[in-house]
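J.: Supplied in structure tokens, the structure appears directly below.
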Amino acid sequence: MPSALIEFLAAALVMELTPGPNMTWLALLAARQGRMAGLQAVAGIAAGLTALAILSAIGIGALITAYPAIYEILRWAGVIFILYLALEAWQGEKPDSTSNDRSRHFVRGFVVNMLNPKAAAVFLVMIPGFAGQIDGRPVILMTAIYLAIATLAHSMIVVFAGAFTKTLADPGREIIVRRIFALMLVVIAAWFAVSTSQSRI
């Protein structure tokens, strides 16, 4: 196995195991509303990552480089969306009861990744950079590997957090956990705003 591919695998694992908006939101969602809701969100995240991979393949990176304002709009939209999720977690929401309501977990997972410049950088910078070190430039293979790692990591978070659904059935306990996660999302939004301002796709 080429050393560049091994390094890519390590980088992908570190990136997906580092706490971020996806991990925090998925953990709270699965703990509060169960594994099915969490897995629907995982599907949305996977769809969002796939869409970013396709956009990078058709040259969206060149457009963002040519028009920095697009990057800034996406960056701040992502920050605002994370803060919205934090506010919702703080206030609480009623568990979904219809299939149409449940579909919003998929949509939110999709949106939070489409508005994440760091997720886009994986396909626009990281994967092409590693692929360029290997003969044949296996961008498609590395993209598939990254999507598999991300989806597996997110699914494991959901499975683990889903085990606490009964524990959070107690209203007092549920409020405490909900607000802890809300504060975590606020911190992540702040970190996201600072970290993405120091890099450009």
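Ligands are numbered from 1 in the order shown, chains are lettered A, B, ... in the order of the structure tokens, and residues start at 1 in each chain.
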Considering only C-alpha atoms, give me a table of residues in range 84-149 of chain A that are at most 8 Å from range 12-24 of chain A, with the closest atom pair and distance in Å for each, as JSON lines.

T.:
{"residue": "A:Gly109", "atom": "CA", "partner": "A:Asn22", "partner_atom": "CA", "distance": 7.8}
{"residue": "A:Val112", "atom": "CA", "partner": "A:Asn22", "partner_atom": "CA", "distance": 7.8}
{"residue": "A:Tyr146", "atom": "CA", "partner": "A:Ala12", "partner_atom": "CA", "distance": 6.4}
{"residue": "A:Ile149", "atom": "CA", "partner": "A:Leu13", "partner_atom": "CA", "distance": 7.1}

J.: Residues within 7 Å of Thr151 in chain A, please, as a PyMOL selection string. Count only C-alpha atoms; anything in the same chain fewer than 4 positions from it doesn't count.

T.: chain A and resi 42+46+147+155

J.: Range 48-61 of chain A: which residues within 7 Å, counting only C-alpha atoms, same-chain residues fewer than 6 positions away excluded, as a list in words?

T.: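 Residues near the query, excluding close chain neighbours: Phe110, Val111, Asn113, Met114, Ala120, Phe123, Leu124 and Ile201 of chain A.
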
J.: From the set A:Trp76, A:Tyr84, A:Phe130, A:Phe164, which residue has the shortest atom-to-atom contact distance to Thr196 in chain A, counting only C-alpha atoms?

T.: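 Looking only at the distances to Thr196 in chain A, the closest residue turns out to be A:Trp76.
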
J.: Using DSSP on the backbone coordinates, identify all residues within range 124-155 of chain A classified as alpha helix (DSSP H); present the result as a list in words.

T.: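 Taking range 124-155 of chain A and keeping alpha helix (DSSP H) only, one gets Ile127, Pro128, Gly129, Phe130, Ala131, Val139, Ile140, Leu141, Met142, Thr143, Ala144, Ile145, Tyr146, Leu147, Ala148, Ile149, Ala150, Thr151, Leu152, Ala153, His154 and Ser155 of chain A.
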
J.: Save out the residues we just selected, C-alpha atoms, as a PDB file, in the first residue's frame.

T.:
ATOM      1  CA  ILE A 127      -7.861  14.299  -1.362  1.00  0.00           C
ATOM      2  CA  PRO A 128      -6.281  15.817  -4.525  1.00  0.00           C
ATOM      3  CA  GLY A 129      -3.125  16.540  -2.512  1.00  0.00           C
ATOM      4  CA  PHE A 130      -2.718  12.939  -1.378  1.00  0.00           C
ATOM      5  CA  ALA A 131      -3.846  11.512  -4.707  1.00  0.00           C
ATOM      6  CA  VAL A 139      -9.200  10.588  -6.543  1.00  0.00           C
ATOM      7  CA  ILE A 140     -12.338   8.495  -6.958  1.00  0.00           C
ATOM      8  CA  LEU A 141     -10.968   5.706  -4.745  1.00  0.00           C
ATOM      9  CA  MET A 142      -9.915   8.132  -2.016  1.00  0.00           C
ATOM     10  CA  THR A 143     -13.254   9.914  -2.178  1.00  0.00           C
ATOM     11  CA  ALA A 144     -15.086   6.603  -1.727  1.00  0.00           C
ATOM     12  CA  ILE A 145     -12.795   5.661   1.183  1.00  0.00           C
ATOM     13  CA  TYR A 146     -13.363   8.995   2.911  1.00  0.00           C
ATOM     14  CA  LEU A 147     -17.143   8.773   2.489  1.00  0.00           C
ATOM     15  CA  ALA A 148     -17.068   5.242   3.954  1.00  0.00           C
ATOM     16  CA  ILE A 149     -14.942   6.333   6.942  1.00  0.00           C
ATOM     17  CA  ALA A 150     -17.144   9.369   7.621  1.00  0.00           C
ATOM     18  CA  THR A 151     -20.386   7.394   7.380  1.00  0.00           C
ATOM     19  CA  LEU A 152     -19.049   4.608   9.606  1.00  0.00           C
ATOM     20  CA  ALA A 153     -17.806   7.091  12.229  1.00  0.00           C
ATOM     21  CA  HIS A 154     -21.121   8.952  12.254  1.00  0.00           C
ATOM     22  CA  SER A 155     -23.098   5.712  12.482  1.00  0.00           C
TER      23      SER A 155
END

J.: State, in Å with one decimal place, the distance from CA of Ala62 in chain A to CA of Ala10 in chain A.

T.: 27.3 Å

J.: Which residues of range 58-169 of chain A come within 8 Å of range 35-40 of chain A, and for each one, what is the closest pair of atoms and their distance in Å to one decimal, counting only C-alpha atoms, sorted by chain and residue number, as a Markdown table?

T.:
| residue | atom | partner | partner_atom | distance |
| --- | --- | --- | --- | --- |
| A:Arg102 | CA | A:Ala37 | CA | 6.8 |
| A:Ser103 | CA | A:Gln40 | CA | 7.3 |
| A:His105 | CA | A:Gln40 | CA | 6.0 |
| A:Phe106 | CA | A:Gln40 | CA | 5.2 |
| A:Ser155 | CA | A:Leu39 | CA | 6.5 |
| A:Val158 | CA | A:Gly38 | CA | 5.5 |
| A:Val159 | CA | A:Arg35 | CA | 6.1 |
| A:Ala161 | CA | A:Arg35 | CA | 7.8 |
| A:Gly162 | CA | A:Arg35 | CA | 5.0 |

J.: Emit the selected residues as a tab-separated table (two decimals), in the first residue's frame, including N, CA, C and O atoms.

T.:
chain	number	residue	atom	x	y	z
A	102	ARG	N	-39.73	13.54	10.24
A	102	ARG	CA	-38.47	12.81	10.36
A	102	ARG	C	-37.52	13.14	9.22
A	102	ARG	O	-36.31	13.10	9.38
A	103	SER	N	-38.06	13.45	8.04
A	103	SER	CA	-37.20	13.73	6.90
A	103	SER	C	-36.34	14.96	7.13
A	103	SER	O	-35.33	15.15	6.46
A	105	HIS	N	-34.42	15.56	9.56
A	105	HIS	CA	-33.10	15.17	10.05
A	105	HIS	C	-32.15	14.93	8.87
A	105	HIS	O	-30.98	15.32	8.92
A	106	PHE	N	-32.67	14.31	7.83
A	106	PHE	CA	-31.88	14.10	6.62
A	106	PHE	C	-31.50	15.45	6.01
A	106	PHE	O	-30.34	15.68	5.65
A	155	SER	N	-22.17	6.77	12.07
A	155	SER	CA	-23.10	5.71	12.48
A	155	SER	C	-22.74	5.17	13.85
A	155	SER	O	-23.63	4.88	14.67
A	158	VAL	N	-24.00	7.49	16.51
A	158	VAL	CA	-25.45	7.34	16.67
A	158	VAL	C	-25.79	6.09	17.47
A	158	VAL	O	-26.63	6.13	18.38
A	159	VAL	N	-25.15	4.99	17.15
A	159	VAL	CA	-25.41	3.74	17.87
A	159	VAL	C	-25.07	3.89	19.34
A	159	VAL	O	-25.82	3.45	20.22
A	161	ALA	N	-24.74	6.79	21.16
A	161	ALA	CA	-25.59	7.78	21.82
A	161	ALA	C	-27.02	7.29	21.97
A	161	ALA	O	-27.71	7.63	22.93
A	162	GLY	N	-27.46	6.46	21.02
A	162	GLY	CA	-28.82	5.95	21.07
A	162	GLY	C	-29.10	5.09	22.29
A	162	GLY	O	-30.25	4.90	22.70

J.: CA of Asp170 in chain A and CA of Gln91 in chain A are how many Å apart?

T.: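 About the pair CA of Asp170 in chain A and CA of Gln91 in chain A: they are 16.2 Å apart.
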
J.: Nearest residue to Phe181 in chain A out of A:Leu26, A:Ala11, A:Val107, A:Leu74, using only C-alpha atoms?

T.: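 The answer is A:Leu26, which sits nearest to Phe181 in chain A.
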
J.: Rounded to one decimal in Å, what is the spacing between CA of Leu9 in chain A and CA of Lys118 in chain A?

T.: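 Atom-to-atom, CA of Leu9 in chain A and CA of Lys118 in chain A are spaced 17.1 Å apart.
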
J.: Excluding range 85-90 of chain A and its own-chain neighbours fewer than 3 positions away, which residues fall within 6 Å of it when counting only C-alpha atoms? Please give them as a list in words.

T.: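 The neighbour list is Ile82, Arg178, Arg179, Ala182 and Leu185 of chain A.
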
J.: Keeping only C-alpha atoms, take the residues you just selected and write them out as a compact mmCIF listing (two decimals), in the first residue's frame.

T.:
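Output below, filename again.txt:
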# COMPACT_ATOMS: atom_id res chain seq x y z
CA ILE A 82 -24.83 25.66 13.96
CA ARG A 178 -29.67 19.13 26.17
CA ARG A 179 -28.25 22.39 27.44
CA ALA A 182 -26.28 23.38 23.25
CA LEU A 185 -22.52 23.69 19.80
